[in-house]
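Visitor: For reference, this is run.txt, and it has compact mmCIF, C-alpha atoms.
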```txt
# COMPACT_ATOMS: atom_id res chain seq x y z
CA MET Y 1366 77.42 59.61 13.74
CA PRO Y 1367 74.20 57.88 14.57
CA THR Y 1368 72.59 55.99 11.82
CA SER Y 1369 69.67 54.33 13.64
CA SER Y 1370 67.08 56.62 12.02
CA PRO Y 1371 67.02 58.17 8.63
CA GLN Y 1372 68.50 61.69 9.04
CA ILE Y 1373 70.19 64.28 6.81
CA TRP Y 1374 72.98 66.32 8.37
CA THR Y 1375 73.01 69.98 7.26
CA ARG Y 1376 75.74 72.55 7.73
CA CYS Y 1377 74.97 75.93 9.33
CA VAL Y 1378 76.99 79.00 10.35
CA ALA Y 1379 76.08 80.89 13.47
CA ILE Y 1380 78.96 81.46 15.82
CA GLY Y 1381 80.80 78.58 14.28
CA LEU Y 1382 80.28 75.59 12.14
CA CYS Y 1383 77.85 73.01 13.45
CA LEU Y 1384 76.12 70.01 12.19
CA VAL Y 1385 72.35 69.87 12.73
CA PRO Y 1386 70.52 66.63 12.04
CA LEU Y 1387 67.39 66.94 9.97
CA ALA Y 1388 64.88 64.14 10.70
CA LEU Y 1389 62.90 62.46 7.91
CA PRO Y 1390 59.54 60.73 8.28
CA ALA Y 1391 59.90 57.21 9.67
CA ALA Y 1392 59.25 54.31 7.30
CA ASP Y 1393 55.77 52.44 7.58
CA LYS Y 1394 55.75 49.53 10.01
CA PRO Y 1395 54.40 46.11 8.70
CA VAL Y 1396 50.69 45.53 9.59
CA THR Y 1397 49.43 42.07 10.63
CA PRO Y 1398 46.50 41.03 8.29
CA VAL Y 1399 43.06 40.55 9.92
CA ALA Y 1400 41.75 36.90 9.79
CA LYS Y 1401 38.60 36.42 7.73
CA PRO Y 1402 35.73 34.12 8.85
CA ALA Y 1403 35.62 30.79 7.06
CA LEU Y 1404 31.80 30.68 7.07
CA THR Y 1405 28.76 32.59 8.19
CA VAL Y 1406 26.68 30.33 10.42
CA SER Y 1407 23.70 30.25 12.71
CA VAL Y 1408 23.87 28.52 16.07
CA VAL Y 1409 21.47 26.38 18.07
CA GLN Y 1410 21.49 24.87 21.52
CA PRO Y 1411 20.75 21.24 22.39
CA ALA Y 1412 17.07 21.00 23.27
CA SER Y 1413 15.23 18.53 25.47
CA ALA Y 1414 12.40 16.63 23.77
CA THR Y 1415 10.20 13.62 24.39
CA LEU Y 1416 10.93 10.95 21.79
CA PRO Y 1417 9.21 7.63 21.24
CA VAL Y 1418 11.10 4.49 22.22
CA ARG Y 1419 11.00 2.00 19.37
CA ILE Y 1420 12.45 -1.38 18.53
CA SER Y 1421 13.32 -1.98 14.88
CA ALA Y 1422 13.07 -5.39 13.26
CA ASN Y 1423 12.81 -7.01 9.85
CA GLY Y 1424 10.53 -9.77 8.65
CA ALA Y 1425 8.31 -11.11 5.90
CA VAL Y 1426 4.67 -10.37 5.27
CA ALA Y 1427 2.54 -13.53 5.02
CA ALA Y 1428 -1.08 -14.57 4.85
CA TRP Y 1429 -2.82 -14.72 8.23
CA GLN Y 1430 -4.30 -18.07 7.17
CA GLU Y 1431 -4.06 -19.61 3.71
CA ALA Y 1432 -6.78 -22.04 2.67
CA ILE Y 1433 -5.95 -24.75 0.11
CA LEU Y 1434 -8.95 -25.62 -2.05
CA GLY Y 1435 -8.88 -28.94 -3.91
CA ALA Y 1436 -11.02 -31.50 -5.69
CA GLU Y 1437 -13.10 -33.80 -3.52
CA VAL Y 1438 -14.31 -36.03 -6.37
CA ALA Y 1439 -11.83 -38.07 -8.41
CA GLY Y 1440 -11.92 -38.48 -12.15
CA LEU Y 1441 -14.02 -35.43 -13.04
CA ARG Y 1442 -13.19 -32.98 -15.81
CA ILE Y 1443 -12.96 -29.27 -15.06
CA GLN Y 1444 -15.68 -27.58 -17.08
CA GLU Y 1445 -15.28 -23.90 -16.15
CA VAL Y 1446 -13.11 -21.72 -13.90
CA HIS Y 1447 -14.97 -18.70 -12.55
CA VAL Y 1448 -12.22 -16.77 -10.68
CA GLN Y 1449 -8.65 -15.66 -11.26
CA VAL Y 1450 -5.66 -14.88 -9.06
CA GLY Y 1451 -6.23 -11.67 -7.13
CA ASP Y 1452 -10.02 -11.87 -7.14
CA VAL Y 1453 -11.77 -11.09 -3.85
CA VAL Y 1454 -14.43 -13.73 -3.20
CA ARG Y 1455 -17.26 -14.21 -0.70
CA ASN Y 1456 -18.21 -17.18 1.40
CA GLY Y 1457 -20.14 -19.65 -0.78
CA GLN Y 1458 -19.18 -18.02 -4.09
CA LEU Y 1459 -18.75 -20.45 -7.00
CA LEU Y 1460 -15.09 -20.84 -7.94
CA LEU Y 1461 -15.02 -23.81 -10.31
CA SER Y 1462 -17.42 -26.22 -12.02
CA PHE Y 1463 -16.79 -29.87 -12.94
CA ALA Y 1464 -18.56 -31.65 -15.78
CA PRO Y 1465 -21.60 -33.19 -13.99
CA GLU Y 1466 -22.72 -35.88 -16.50
CA THR Y 1467 -21.00 -38.83 -14.84
CA VAL Y 1468 -22.24 -37.92 -11.38
CA GLN Y 1469 -25.77 -37.27 -12.66
CA ALA Y 1470 -25.86 -40.78 -14.14
CA ASP Y 1471 -24.72 -42.23 -10.81
CA VAL Y 1472 -27.47 -40.28 -9.03
CA ALA Y 1473 -30.12 -41.64 -11.39
CA LEU Y 1474 -28.87 -45.21 -10.85
CA ALA Y 1475 -28.94 -44.76 -7.07
CA ARG Y 1476 -32.51 -43.46 -7.22
CA ALA Y 1477 -33.61 -46.49 -9.27
CA ARG Y 1478 -32.03 -48.86 -6.76
CA LEU Y 1479 -33.82 -47.07 -3.96
CA VAL Y 1480 -37.17 -47.44 -5.69
CA GLU Y 1481 -36.49 -51.13 -6.26
CA ALA Y 1482 -35.56 -51.63 -2.61
CA GLN Y 1483 -38.67 -49.79 -1.49
CA ALA Y 1484 -40.86 -52.08 -3.67
CA GLN Y 1485 -39.22 -55.17 -2.18
CA LEU Y 1486 -39.79 -53.74 1.27
CA ALA Y 1487 -43.49 -53.19 0.57
CA GLU Y 1488 -43.87 -56.83 -0.54
CA ALA Y 1489 -41.95 -58.11 2.48
CA GLN Y 1490 -44.04 -55.99 4.84
CA GLY Y 1491 -47.26 -57.36 3.33
CA ASN Y 1492 -46.11 -60.94 3.81
CA ALA Y 1493 -45.02 -60.18 7.36
CA GLU Y 1494 -48.43 -58.69 8.25
CA ARG Y 1495 -50.24 -61.79 6.99
CA VAL Y 1496 -47.87 -64.06 8.91
CA ARG Y 1497 -48.50 -62.11 12.09
CA ALA Y 1498 -52.25 -62.52 11.57
CA LEU Y 1499 -51.89 -66.32 11.25
CA HIS Y 1500 -49.57 -66.61 14.21
CA GLY Y 1501 -50.91 -69.21 16.66
CA SER Y 1502 -53.41 -70.70 14.23
CA GLY Y 1503 -51.09 -73.55 13.27
CA ALA Y 1504 -51.44 -72.79 9.54
CA LEU Y 1505 -47.72 -71.99 9.29
CA SER Y 1506 -44.79 -73.46 11.05
CA GLN Y 1507 -42.60 -71.36 13.29
CA GLN Y 1508 -39.78 -71.65 10.75
CA GLN Y 1509 -41.94 -70.12 7.99
CA ILE Y 1510 -43.07 -67.31 10.27
CA THR Y 1511 -39.44 -66.49 11.15
CA GLN Y 1512 -38.48 -66.54 7.46
CA TYR Y 1513 -41.12 -63.98 6.48
CA LEU Y 1514 -40.26 -61.71 9.35
CA THR Y 1515 -36.56 -61.91 8.44
CA GLN Y 1516 -37.33 -61.02 4.83
CA GLU Y 1517 -39.07 -57.87 6.07
CA GLN Y 1518 -36.03 -56.84 8.08
CA THR Y 1519 -33.72 -57.56 5.13
CA ALA Y 1520 -35.86 -55.43 2.85
CA GLN Y 1521 -35.74 -52.57 5.34
CA ALA Y 1522 -31.93 -52.80 5.43
CA ARG Y 1523 -31.78 -52.75 1.63
CA VAL Y 1524 -33.87 -49.60 1.56
CA ALA Y 1525 -31.59 -47.94 4.09
CA SER Y 1526 -28.53 -48.98 2.07
CA ALA Y 1527 -30.06 -47.67 -1.16
CA GLN Y 1528 -30.94 -44.39 0.54
CA ALA Y 1529 -27.37 -44.02 1.83
CA GLN Y 1530 -26.01 -44.69 -1.65
CA LEU Y 1531 -28.31 -42.02 -3.08
CA ASP Y 1532 -27.19 -39.54 -0.43
CA THR Y 1533 -23.57 -40.25 -1.35
CA GLU Y 1534 -24.23 -39.62 -5.03
CA LEU Y 1535 -26.11 -36.42 -4.24
CA LEU Y 1536 -23.11 -35.28 -2.17
CA ARG Y 1537 -20.83 -36.04 -5.11
CA GLN Y 1538 -23.16 -33.99 -7.28
CA GLN Y 1539 -22.77 -31.05 -4.91
CA GLN Y 1540 -19.01 -31.47 -5.06
CA THR Y 1541 -19.03 -30.82 -8.79
CA ARG Y 1542 -19.29 -27.14 -7.75
CA LEU Y 1543 -16.27 -25.85 -5.81
CA VAL Y 1544 -17.27 -22.88 -3.63
CA ALA Y 1545 -15.32 -20.56 -1.35
CA PRO Y 1546 -15.29 -21.72 2.28
CA ASP Y 1547 -14.83 -18.15 3.57
CA ASP Y 1548 -14.33 -14.56 2.46
CA GLY Y 1549 -10.87 -13.93 1.08
CA THR Y 1550 -8.54 -13.30 -1.83
CA ILE Y 1551 -7.42 -15.89 -4.38
CA SER Y 1552 -3.62 -16.03 -4.09
CA ALA Y 1553 -2.82 -18.95 -6.43
CA ARG Y 1554 -4.53 -21.05 -9.09
CA THR Y 1555 -3.53 -24.34 -10.69
CA ALA Y 1556 -6.94 -25.30 -12.15
CA THR Y 1557 -7.08 -25.61 -15.94
CA VAL Y 1558 -10.22 -26.05 -18.01
CA GLY Y 1559 -10.42 -29.57 -19.46
CA ALA Y 1560 -8.10 -31.17 -16.92
CA VAL Y 1561 -9.21 -34.39 -15.18
CA VAL Y 1562 -8.11 -34.15 -11.57
CA ALA Y 1563 -7.58 -36.67 -8.82
CA SER Y 1564 -9.19 -36.46 -5.42
CA GLY Y 1565 -7.32 -34.00 -3.18
CA SER Y 1566 -5.56 -32.17 -6.04
CA GLU Y 1567 -4.87 -28.52 -5.20
CA LEU Y 1568 -6.80 -26.13 -7.42
CA PHE Y 1569 -6.70 -22.77 -5.58
CA ARG Y 1570 -5.09 -21.04 -2.63
CA MET Y 1571 -7.00 -18.36 -0.80
CA ILE Y 1572 -5.93 -15.78 1.82
CA ARG Y 1573 -8.71 -16.05 4.38
CA ARG Y 1574 -10.52 -12.76 4.98
CA SER Y 1575 -7.74 -11.05 2.97
CA ARG Y 1576 -5.84 -10.65 6.23
CA LEU Y 1577 -2.06 -10.28 6.24
CA GLU Y 1578 0.40 -10.54 9.09
CA TRP Y 1579 4.00 -9.43 9.53
CA ARG Y 1580 6.34 -12.01 11.06
CA ALA Y 1581 9.04 -9.94 12.71
CA GLU Y 1582 12.39 -11.45 13.69
CA VAL Y 1583 13.34 -9.99 17.08
CA THR Y 1584 16.38 -10.71 19.26
CA SER Y 1585 15.90 -12.35 22.64
CA PRO Y 1586 16.56 -9.22 24.80
CA GLU Y 1587 14.21 -7.09 22.71
CA LEU Y 1588 11.58 -9.81 22.77
CA GLU Y 1589 11.15 -9.25 26.51
CA ARG Y 1590 10.09 -5.62 25.92
CA ILE Y 1591 7.32 -6.41 23.42
CA ARG Y 1592 3.76 -6.99 24.56
CA VAL Y 1593 0.59 -8.15 22.84
CA GLY Y 1594 -1.44 -5.17 21.65
CA GLN Y 1595 1.48 -2.79 21.05
CA LYS Y 1596 1.33 -0.58 17.97
CA VAL Y 1597 3.68 -1.21 15.05
CA GLN Y 1598 4.67 0.82 11.99
CA LEU Y 1599 5.72 -1.01 8.84
CA LEU Y 1600 7.76 0.61 6.08
CA THR Y 1601 7.58 -1.01 2.65
CA PRO Y 1602 10.44 -0.85 0.10
CA ALA Y 1603 8.33 1.66 -1.86
CA GLY Y 1604 8.24 4.00 1.13
CA ALA Y 1605 4.61 3.44 2.14
CA THR Y 1606 3.80 3.20 5.85
CA TRP Y 1607 1.38 0.62 7.23
CA ARG Y 1608 -0.15 0.26 10.67
CA GLY Y 1609 -0.01 -2.95 12.68
CA GLN Y 1610 -0.69 -4.41 16.10
CA VAL Y 1611 1.06 -7.25 17.92
CA ARG Y 1612 -1.23 -10.29 17.94
CA MET Y 1613 1.01 -13.04 19.28
CA ILE Y 1614 4.58 -13.66 20.41
CA ALA Y 1615 6.17 -17.02 19.63
CA PRO Y 1616 6.87 -19.08 22.77
CA THR Y 1617 10.25 -20.27 21.48
CA VAL Y 1618 13.46 -18.73 20.10
CA ASP Y 1619 15.37 -20.13 17.14
CA THR Y 1620 18.49 -21.87 18.45
CA ALA Y 1621 20.54 -20.90 15.38
CA THR Y 1622 19.71 -17.19 15.06
CA ARG Y 1623 18.70 -16.56 18.71
CA LYS Y 1624 15.71 -14.65 17.42
CA GLY Y 1625 12.02 -15.06 18.13
CA THR Y 1626 9.04 -14.39 15.89
CA VAL Y 1627 6.45 -11.75 16.67
CA TYR Y 1628 3.18 -12.01 14.75
CA VAL Y 1629 1.73 -8.60 13.87
CA ASP Y 1630 -1.71 -8.07 12.33
CA VAL Y 1631 -1.50 -5.64 9.41
CA LEU Y 1632 -4.34 -3.16 9.93
CA GLY Y 1633 -4.00 -0.97 6.84
CA ALA Y 1634 -2.04 1.76 5.13
CA ALA Y 1635 -1.30 4.98 6.98
CA LYS Y 1636 -3.47 8.03 6.36
CA GLY Y 1637 -2.88 9.51 2.93
CA GLN Y 1638 -1.57 6.24 1.47
CA GLY Y 1639 -4.84 4.51 0.69
CA GLY Y 1640 -3.57 3.40 -2.70
CA ALA Y 1641 -0.53 1.62 -1.29
CA THR Y 1642 -0.36 -2.14 -1.72
CA LEU Y 1643 1.23 -4.66 0.63
CA ARG Y 1644 1.69 -8.17 -0.72
CA ALA Y 1645 2.36 -11.46 0.99
CA GLY Y 1646 6.01 -12.43 0.69
CA THR Y 1647 7.34 -8.85 0.91
CA TYR Y 1648 10.30 -8.39 3.27
CA VAL Y 1649 9.80 -5.16 5.20
CA ARG Y 1650 11.18 -3.24 8.17
CA GLY Y 1651 9.02 -2.31 11.11
CA GLU Y 1652 9.18 -0.48 14.43
CA PHE Y 1653 7.49 -1.47 17.67
CA ASP Y 1654 6.25 1.48 19.72
CA ILE Y 1655 7.03 0.58 23.33
CA GLY Y 1656 6.78 4.00 25.01
CA ALA Y 1657 8.58 7.39 25.19
CA SER Y 1658 11.51 9.01 27.01
CA THR Y 1659 13.19 12.43 27.34
CA ALA Y 1660 16.29 13.06 25.22
CA ILE Y 1661 18.71 15.84 24.19
CA THR Y 1662 18.27 16.60 20.50
CA LEU Y 1663 19.78 18.69 17.73
CA PRO Y 1664 18.72 19.33 14.13
CA GLN Y 1665 20.01 16.68 11.76
CA SER Y 1666 21.73 19.44 9.77
CA ALA Y 1667 23.99 20.15 12.78
CA VAL Y 1668 25.50 16.65 12.74
CA VAL Y 1669 28.36 15.91 10.34
CA VAL Y 1670 29.40 12.34 9.58
CA ARG Y 1671 33.06 11.82 8.77
CA ASP Y 1672 34.92 8.51 8.58
CA GLY Y 1673 31.98 6.70 10.11
CA PHE Y 1674 31.76 8.98 13.18
CA SER Y 1675 29.36 11.79 14.02
CA TYR Y 1676 30.59 15.29 14.88
CA VAL Y 1677 29.20 18.73 15.74
CA PHE Y 1678 30.95 22.11 15.80
CA ARG Y 1679 30.75 24.22 18.95
CA VAL Y 1680 31.22 28.00 18.65
CA GLY Y 1681 33.58 29.41 21.30
CA ALA Y 1682 33.94 32.88 22.80
CA GLU Y 1683 36.26 34.11 20.05
CA GLN Y 1684 33.90 32.85 17.32
CA ARG Y 1685 36.16 29.90 16.62
CA VAL Y 1686 34.70 26.43 16.33
CA ALA Y 1687 35.75 23.25 18.08
CA ARG Y 1688 34.88 19.89 16.59
CA LEU Y 1689 33.15 17.57 19.08
CA LYS Y 1690 32.64 13.86 18.58
CA VAL Y 1691 29.10 12.83 19.56
CA GLN Y 1692 27.10 9.66 19.83
CA THR Y 1693 23.71 9.77 18.14
CA GLY Y 1694 20.56 7.77 18.87
CA ARG Y 1695 16.97 8.00 17.71
CA VAL Y 1696 15.95 10.10 14.71
CA VAL Y 1697 12.46 11.63 14.71
CA GLY Y 1698 11.57 13.98 11.89
CA GLU Y 1699 14.30 16.61 11.57
CA ARG Y 1700 15.69 16.01 15.07
CA VAL Y 1701 18.36 13.55 16.14
CA GLU Y 1702 19.05 12.35 19.67
CA ILE Y 1703 22.50 13.15 21.07
CA LEU Y 1704 23.55 10.55 23.62
CA SER Y 1705 26.92 12.09 24.55
CA GLY Y 1706 29.44 14.73 23.54
CA VAL Y 1707 27.58 18.04 24.11
CA GLN Y 1708 26.30 20.14 27.02
CA PRO Y 1709 22.93 21.93 27.17
CA ALA Y 1710 24.66 25.36 27.15
CA ASP Y 1711 26.82 24.69 24.07
CA ARG Y 1712 26.36 26.87 20.98
CA ILE Y 1713 26.32 24.45 18.07
CA VAL Y 1714 26.63 25.32 14.39
CA ALA Y 1715 23.17 24.64 12.95
CA GLY Y 1716 24.26 23.89 9.40
CA GLY Y 1717 27.19 23.88 7.03
CA GLY Y 1718 29.49 21.97 9.34
CA ALA Y 1719 30.75 19.90 6.41
CA PHE Y 1720 32.69 22.99 5.23
CA LEU Y 1721 34.36 23.64 8.60
CA SER Y 1722 37.49 22.35 10.29
CA ASP Y 1723 38.53 22.38 13.93
CA GLY Y 1724 39.62 25.91 14.95
CA ASP Y 1725 38.03 27.77 12.02
CA LEU Y 1726 36.81 31.32 12.60
CA VAL Y 1727 33.12 31.84 11.84
CA ARG Y 1728 30.70 34.75 11.73
CA VAL Y 1729 27.52 34.12 13.68
CA VAL Y 1730 24.39 35.42 11.99
CA ALA Y 1731 22.80 38.24 13.95
CA GLY Y 1732 19.68 37.23 15.76
CA THR Y 1733 20.77 33.70 16.57
CA PRO Y 1734 20.80 32.77 20.23
CA ALA Y 1735 24.00 33.80 21.95
CA GLN Y 1736 23.67 31.38 24.81
```
In C-alpha cells, write the structure found in this file.
Guide:
Amino acid sequence: MPTSSPQIWTRCVAIGLCLVPLALPAADKPVTPVAKPALTVSVVQPASATLPVRISANGAVAAWQEAILGAEVAGLRIQEVHVQVGDVVRNGQLLLSFAPETVQADVALARARLVEAQAQLAEAQGNAERVRALHGSGALSQQQITQYLTQEQTAQARVASAQAQLDTELLRQQQTRLVAPDDGTISARTATVGAVVASGSELFRMIRRSRLEWRAEVTSPELERIRVGQKVQLLTPAGATWRGQVRMIAPTVDTATRKGTVYVDVLGAAKGQGGATLRAGTYVRGEFDIGASTAITLPQSAVVVRDGFSYVFRVGAEQRVARLKVQTGRVVGERVEILSGVQPADRIVAGGGAFLSDGDLVRVVAGTPAQ
C-alpha cells in the first residue's frame, strides 16, 4: 500500500469490496526567506574636475628685516621710554630719551673753546697783516715774518679743531634722543628707565615696515617647481588663512635635511579674516599654487578609511555592493581626487559606507543616477 502521500483508505460495496484511496491536502512546503537590504543608499558616479596643483610645506614666520636699536653714547642715563612692545612707530618718531645734562655741559665747554680759538685767530691775523705790510722794508727779519705768519696758520687750525669738537658734542646731544630709523613695529624692548647704558647696548628691536615673511622648508625635487611670484596660502594653527607670494628662493640646499628655503612675503589675511593675527615665530603650514590639472573626483563622504587604506563601495546589477580599494590624492572642498581603483561608469555609494561590508545588499534611493 503506497504511503508516499497522506491518504485514507475507505471501504465501499458496489459489486464487491474495494478499497478507494481518499487524498488529503498536501502539507505546506518550506519557503526560502527574502533577503533584506542592509542599508538604503544613494549613488554617485566619479566626475571629472579641474583641481589646483599645490605643493605643501611647513616653516616659520619671521620678520622681513629686524632692526636692532641701541645706544650710541656711552655713560648716559635713560630718562624716559616713550614706546612699548607691539607699538607701531613712524620714521623719526621719538622712542627713548637720555638725561642730557652731561652732554649739554660738554657742548657749552666746546663752544667756549671755539670762541677762545676764534679770538686767538683774530689776534694772529692782525699781526700777520702788519707783518705783510712791513715785508721788504727791513724793519723785521725774515725769521720774525715767518713766525707771525705761522702763528696765523696755527690759530686757524685751532679754530677748525674747536669747531670740530663742538660739532661732535652737538652730535652727542642729538644722540640723547633715540628715534625710529624707519616705519615698523617694536618687537622687543630691553630699555629700563634709570639704567646707565654702554655704547652699542641693545635697547629695542623693530620689525621694519611691519613686514613678515614665511620661510618654507621645501624638498629638492619640489623646489624645482616653485617660481618667484607664485601665490601661496598659509594656514595658521588657529585656522586663519593668509595670502602670500614667493619673493626669493634660496640658492643652496641644506646638506643635512636636503631641503631648501623659500622666502614668501606675507601679504595679509584672507577675505573675511581681517581680525586674524600672524606673529613672528609661528610655525605654520602653507601651499604653493603651481597650476591646475584634470582629475577624477568623488565626494569625501563616499570614501571610507579602514586600517589606514581608503575604500569605496560599488553597487552592482543585483544591488549588492563590492568594496574597492582606491588611492586618493588632492582634497578640494567636499571633493577628493581618486587616483586609481574606480572607473567613470561605476555607481558608487555616496554615503554611509562605514556601515557596509563587501557583498551587502542595498536599496538605492529612487531618483539617484542609475548609470
Visitor: Nearest residue to Val1714 of chain Y out of Y:Val1611, Y:Leu1474, Y:Val1680, Y:Ala1482, using all atoms listed in the file?
Guide: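 Result for the nearest residue to Val1714 of chain Y: Y:Val1680.
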Visitor: I'd like the neighbourhood of Leu1486 of chain Y as a ChimeraX atom specification, where a residue qualifies if any of its atoms comes within 12 Å (using only C-alpha atoms), though same-chain residues fewer than 6 positions away should be ignored.
Guide: /Y:1479-1480,1492-1493,1513-1525,1527
Visitor: So that I can see what lies close to segment 1602-1604 of chain Y, please list as a JSON list (two decimals) with C-alpha atoms, keeping the file's coordinate frame the residues with an atom at most 9 Å from it, counting all atoms listed in the file and leaving out residues fewer than 3 positions away in the same chain.
Guide:
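The new file part-v8.json reads:
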```
[["chain", "number", "residue", "atom", "x", "y", "z"],
["Y", 1641, "ALA", "CA", -0.53, 1.62, -1.29],
["Y", 1647, "THR", "CA", 7.34, -8.85, 0.91],
["Y", 1648, "TYR", "CA", 10.30, -8.39, 3.27],
["Y", 1649, "VAL", "CA", 9.80, -5.16, 5.20],
["Y", 1650, "ARG", "CA", 11.18, -3.24, 8.17]]
```
Visitor: Show me the residues close to (8.6, -2.1, 6.3) - anything with an atom within 12 Å, counting all atoms listed in the file - and format the list as a ChimeraX atom specification.
Guide: /Y:1421-1426,1579-1581,1597-1609,1631,1634,1643-1644,1647-1653
Visitor: Export, as a PDB file, in the coordinates of the input, the selected residues with C-alpha atoms.
Guide:
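Generated file (selection14.pdb):
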```
ATOM      1  CA  SER Y1421      13.320  -1.980  14.880  1.00  0.00           C
ATOM      2  CA  ALA Y1422      13.070  -5.390  13.260  1.00  0.00           C
ATOM      3  CA  ASN Y1423      12.810  -7.010   9.850  1.00  0.00           C
ATOM      4  CA  GLY Y1424      10.530  -9.770   8.650  1.00  0.00           C
ATOM      5  CA  ALA Y1425       8.310 -11.110   5.900  1.00  0.00           C
ATOM      6  CA  VAL Y1426       4.670 -10.370   5.270  1.00  0.00           C
ATOM      7  CA  TRP Y1579       4.000  -9.430   9.530  1.00  0.00           C
ATOM      8  CA  ARG Y1580       6.340 -12.010  11.060  1.00  0.00           C
ATOM      9  CA  ALA Y1581       9.040  -9.940  12.710  1.00  0.00           C
ATOM     10  CA  VAL Y1597       3.680  -1.210  15.050  1.00  0.00           C
ATOM     11  CA  GLN Y1598       4.670   0.820  11.990  1.00  0.00           C
ATOM     12  CA  LEU Y1599       5.720  -1.010   8.840  1.00  0.00           C
ATOM     13  CA  LEU Y1600       7.760   0.610   6.080  1.00  0.00           C
ATOM     14  CA  THR Y1601       7.580  -1.010   2.650  1.00  0.00           C
ATOM     15  CA  PRO Y1602      10.440  -0.850   0.100  1.00  0.00           C
ATOM     16  CA  ALA Y1603       8.330   1.660  -1.860  1.00  0.00           C
ATOM     17  CA  GLY Y1604       8.240   4.000   1.130  1.00  0.00           C
ATOM     18  CA  ALA Y1605       4.610   3.440   2.140  1.00  0.00           C
ATOM     19  CA  THR Y1606       3.800   3.200   5.850  1.00  0.00           C
ATOM     20  CA  TRP Y1607       1.380   0.620   7.230  1.00  0.00           C
ATOM     21  CA  ARG Y1608      -0.150   0.260  10.670  1.00  0.00           C
ATOM     22  CA  GLY Y1609      -0.010  -2.950  12.680  1.00  0.00           C
ATOM     23  CA  VAL Y1631      -1.500  -5.640   9.410  1.00  0.00           C
ATOM     24  CA  ALA Y1634      -2.040   1.760   5.130  1.00  0.00           C
ATOM     25  CA  LEU Y1643       1.230  -4.660   0.630  1.00  0.00           C
ATOM     26  CA  ARG Y1644       1.690  -8.170  -0.720  1.00  0.00           C
ATOM     27  CA  THR Y1647       7.340  -8.850   0.910  1.00  0.00           C
ATOM     28  CA  TYR Y1648      10.300  -8.390   3.270  1.00  0.00           C
ATOM     29  CA  VAL Y1649       9.800  -5.160   5.200  1.00  0.00           C
ATOM     30  CA  ARG Y1650      11.180  -3.240   8.170  1.00  0.00           C
ATOM     31  CA  GLY Y1651       9.020  -2.310  11.110  1.00  0.00           C
ATOM     32  CA  GLU Y1652       9.180  -0.480  14.430  1.00  0.00           C
ATOM     33  CA  PHE Y1653       7.490  -1.470  17.670  1.00  0.00           C
TER      34      PHE Y1653
END
```
Visitor: Out of Y:Val1583, Y:Ala1660, Y:Ala1412, Y:Val1561, which residue has the shortest atom-to-atom distance to Val1438 of chain Y when counting only C-alpha atoms?
Guide: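 Nearest to Val1438 of chain Y: Y:Val1561.
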Visitor: What's around Leu1721 of chain Y at 10 Å? Count all atoms listed in the file, leave out sequence neighbours fewer than 4 positions away in its own chain, and write the answer as a PyMOL selection string.
Guide: chain Y and resi 1403-1404+1669+1678+1686-1688+1714+1717+1725-1727
Visitor: What are the centre and edge lengths in Å, to one decimal, of the axis-aligned box around all listed atoms of segment 1416-1434 of chain Y with 5 Å added on each side, as AutoDock Vina command-line options?
Guide:
```
--center_x 2.2 --center_y -7.3 --center_z 10.1 --size_x 32.3 --size_y 46.6 --size_z 34.3
```
Visitor: Please compute the atom CA of Val1562 of chain Y-atom CA of Leu1461 of chain Y distance, one decimal, in Å.
Guide: 12.5 Å
Visitor: What's the 6 Å shell around Ser1407 of chain Y, counting only C-alpha atoms, without same-chain residues fewer than 5 positions away, as an mmCIF file with C-alpha atoms, in the frame of the given file?
Guide:
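Output contents, as saved in around13.cif:
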```
data_model
loop_
_atom_site.group_PDB
_atom_site.id
_atom_site.type_symbol
_atom_site.label_atom_id
_atom_site.label_comp_id
_atom_site.auth_asym_id
_atom_site.auth_seq_id
_atom_site.Cartn_x
_atom_site.Cartn_y
_atom_site.Cartn_z
ATOM 1 C CA VAL Y 1714 26.630 25.320 14.390
ATOM 2 C CA ALA Y 1715 23.170 24.640 12.950
ATOM 3 C CA VAL Y 1729 27.520 34.120 13.680
ATOM 4 C CA VAL Y 1730 24.390 35.420 11.990
ATOM 5 C CA THR Y 1733 20.770 33.700 16.570
#
```
